[in-house]
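Below is one structure, written out as structure tokens; the observations come after it.
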Amino acid sequence: DKQHRAREGTTSMSTSAEPPAPAAEAPVEPSPAAVPEPPAIEVATGLSEIFSYKSFVHAISGAVGGTTAISVFFPLNTARIRIQVADSKDAKDIWGTIASVIEEEGAMGLYQGWKSAVIAIGTSNFVYFYTYSLLKYYYRRTTGKRVGTGANLVVASLAGVVNVLLTSPFWTVNTRLVAQHKKKMRGKASDDTYEGIVDCMEKIIQKDGVLGLWSGVIPSLWLVSNPSVQFVVYDKVRSFMSAFAKSRGRRVTPLEFFLMGAIAKAAATVATYPLQLAQSKLRADKENKYRGTIHVLRKLREANGFAGLFQGIQAKLWQTVLTAAFQFLTYEEVKYIVFLLLLGPKKTNVVPTAAQ
């Protein structure tokens with residue numbers, strides 16, 4: 001009996017330590033988890049991630065926020081462009097420029113180029129948010145990690161590059177339309193006057209070729225750091241405010257969203273303003289006076305010293321900070337309402353931000 005029990009114990013231990021291999025005539029089928037997904041399923045999964053309703057809501061919210069904000073503050077945008085492209089000796093302050101436009105062209109002169117700006121900002125925001133979603137998905141897919149702050153900055157910058165290359169012609173046309181002074185153009189040759197978006201595109205191509213639509217694209221590529229800095233600063237401030245709002249028991253208010261957007265945009269604008277000034281100068285350069293970004297910056301400094309690199313920054317801060325703040329406010333509220341309708345009040349409070 002002892003020998004029999006010993007043999008059973010030995011058999012039991014060997015069984016638990018090394019399970020016997022299955023017989024050759026009865027092969028084990030692989031578990032479903034071990035079977036790789038067919039390429040079609042992987043593609044479908046990727047597409048559903050990229051074109052999910054969340055990505056669509058973020059993109060639509062960004063486009064609505066941008067077009068609404070640019071429309072509300074467009075007179076400031078007109079004044080900002082007029083000041084930036086003017087010779088330094090002719091440049092006025094923001095309120096003097098607005099008064100001059102009204103006097104020479106009427107109140108509607110402040111909305112010259114509005115249609116092209118709405119098309120540009122709507123297209124730009126939509127492209128940016130969708131590209132951003134695509135790159136985030138690719139990052140998570142290839143690394144298996146959550147998108148952190150550093151990776152988020154890189155992803156935002158790459159999305160900005162794609163956005164600039166695809167939408168730069170719209171911004172070139174918008175700058176030309178806003179910069180032209182209709183009263184001064186009366187009686188001059190038709191080549192100096194743009195009658196609309198299509199006419200402006202055609203005349204730029206006739207004079208400078210197709211690449212003329214990408215005038216100022218180099219400083220624009222450098223300026224991808226502007227929305228990237230803005231986006232990261234905003235996300236950090238928003239995280240802090242979200243925790244604060246949770247502690248007090250109610251969501252972040254529209255006024256707080258407005259102030260968060262203003263802080264983020266002001267920081268990004270001051271850091272990159274000389275490049276923005278060069279961008280406007282190159283886009284409005286009909287006579288090809290400038291050879292590139294460095295040439296513009298050198299000419300501005302030679303004419304007016306270091307202060308020349310910040311010509312029109314007051315108007316830019318008024319325009320861009322108010323516009324960006326209003327855009328973030330609209331973006332957050334539209335996103336909240338849409339998710340509220342789709343998910344209900346309980347899940348809406350845990351919807352991730354665009355940066356997540």
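By convention in this document, the chains of the structure tokens carry letters A, B, ... by their order, each chain's residues are numbered from 1, and ligands are numbered from 1 in the order they are shown.
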**Request:** Just the residues within 12 Å of Lys281 (chain A), please, counting only C-alpha atoms, with nothing from its chain fewer than 5 positions along; format it as a PyMOL selection string.
**Result:** chain A and resi 80-88+172+175-176+179+215-217+219-220+274-276+286-297+299-300+309+311-312
Select from region 178-285 of chain A every residue with an atom at most 12 Å from any atom of region 126-133 of chain A, then for each give the shortest pair of atoms and their distance in Å to one decimal, using only C-alpha atoms, rows by chain and rising number, as a tab-separated table.
```
residue	atom	partner	partner_atom	distance
A:Val224	CA	A:Tyr128	CA	10.9
A:Pro227	CA	A:Tyr128	CA	10.3
A:Ser228	CA	A:Tyr132	CA	11.1
A:Phe231	CA	A:Phe129	CA	11.6
```
**Request:** as a ChimeraX atom specification, list the residues of region 278-354 of chain A assigned to alpha helix (DSSP H) by DSSP on the backbone atoms of this structure.
**Result:** /A:278-283,293-304,313-343,345-348
Compile a residue-level contact table for region 70-167 of chain A against region 190-214 of chain A at a cut-off of 9 Å, reporting for every qualifying residue the shortest atom pair and its distance in Å to one decimal, with only C-alpha atoms counted, rows ordered by chain and ascending number, as CSV.
```
residue,atom,partner,partner_atom,distance
A:Gly113,CA,A:Gly196,CA,8.0
A:Lys115,CA,A:Ile197,CA,8.3
A:Ser116,CA,A:Ile197,CA,6.4
A:Leu165,CA,A:Trp214,CA,8.1
A:Thr167,CA,A:Trp214,CA,9.0
```
Written selection (all heavy atoms) as a PDB file, in the first residue's frame:
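To be explicit, this is the file written out as result-v3.pdb:
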```
ATOM      1  N   GLY A 113     -13.272  90.018 -46.906  1.00  0.00           N
ATOM      2  CA  GLY A 113     -12.547  88.760 -46.794  1.00  0.00           C
ATOM      3  C   GLY A 113     -13.129  87.818 -45.758  1.00  0.00           C
ATOM      4  O   GLY A 113     -12.532  86.772 -45.476  1.00  0.00           O
ATOM      5  N   LYS A 115     -15.778  85.823 -45.881  1.00  0.00           N
ATOM      6  CA  LYS A 115     -16.159  84.510 -46.415  1.00  0.00           C
ATOM      7  C   LYS A 115     -14.947  83.592 -46.546  1.00  0.00           C
ATOM      8  O   LYS A 115     -14.995  82.412 -46.172  1.00  0.00           O
ATOM      9  CB  LYS A 115     -16.847  84.674 -47.772  1.00  0.00           C
ATOM     10  CG  LYS A 115     -17.425  83.373 -48.323  1.00  0.00           C
ATOM     11  CD  LYS A 115     -17.980  83.553 -49.737  1.00  0.00           C
ATOM     12  CE  LYS A 115     -19.162  84.503 -49.742  1.00  0.00           C
ATOM     13  NZ  LYS A 115     -19.772  84.606 -51.085  1.00  0.00           N
ATOM     14  N   SER A 116     -13.844  84.137 -47.074  1.00  0.00           N
ATOM     15  CA  SER A 116     -12.645  83.310 -47.234  1.00  0.00           C
ATOM     16  C   SER A 116     -12.081  82.908 -45.868  1.00  0.00           C
ATOM     17  O   SER A 116     -11.527  81.810 -45.712  1.00  0.00           O
ATOM     18  CB  SER A 116     -11.579  84.055 -48.040  1.00  0.00           C
ATOM     19  OG  SER A 116     -11.151  85.224 -47.367  1.00  0.00           O
ATOM     20  N   LEU A 165       0.049  72.533 -44.801  1.00  0.00           N
ATOM     21  CA  LEU A 165       0.277  72.164 -46.201  1.00  0.00           C
ATOM     22  C   LEU A 165      -1.028  72.052 -46.988  1.00  0.00           C
ATOM     23  O   LEU A 165      -1.075  72.385 -48.177  1.00  0.00           O
ATOM     24  CB  LEU A 165       1.043  70.842 -46.266  1.00  0.00           C
ATOM     25  CG  LEU A 165       2.476  70.881 -45.717  1.00  0.00           C
ATOM     26  CD1 LEU A 165       3.093  69.487 -45.761  1.00  0.00           C
ATOM     27  CD2 LEU A 165       3.330  71.869 -46.498  1.00  0.00           C
ATOM     28  N   THR A 167      -4.086  73.600 -46.151  1.00  0.00           N
ATOM     29  CA  THR A 167      -5.002  74.754 -46.102  1.00  0.00           C
ATOM     30  C   THR A 167      -4.322  76.104 -46.333  1.00  0.00           C
ATOM     31  O   THR A 167      -4.992  77.133 -46.318  1.00  0.00           O
ATOM     32  CB  THR A 167      -5.733  74.800 -44.750  1.00  0.00           C
ATOM     33  OG1 THR A 167      -4.785  75.033 -43.689  1.00  0.00           O
ATOM     34  CG2 THR A 167      -6.469  73.499 -44.486  1.00  0.00           C
TER      35      THR A 167
END
```
**Asked** At what distance in Å, to one decimal, does CA of Gly65 (chain A) lie from CA of Met260 (chain A)?
**Response** 14.7 Å
**Fill in**
From the list A:Leu282, A:Leu153, A:Leu255, A:Ala303, the nearest residue to Val232 (chain A) using only C-alpha atoms is A:Leu153
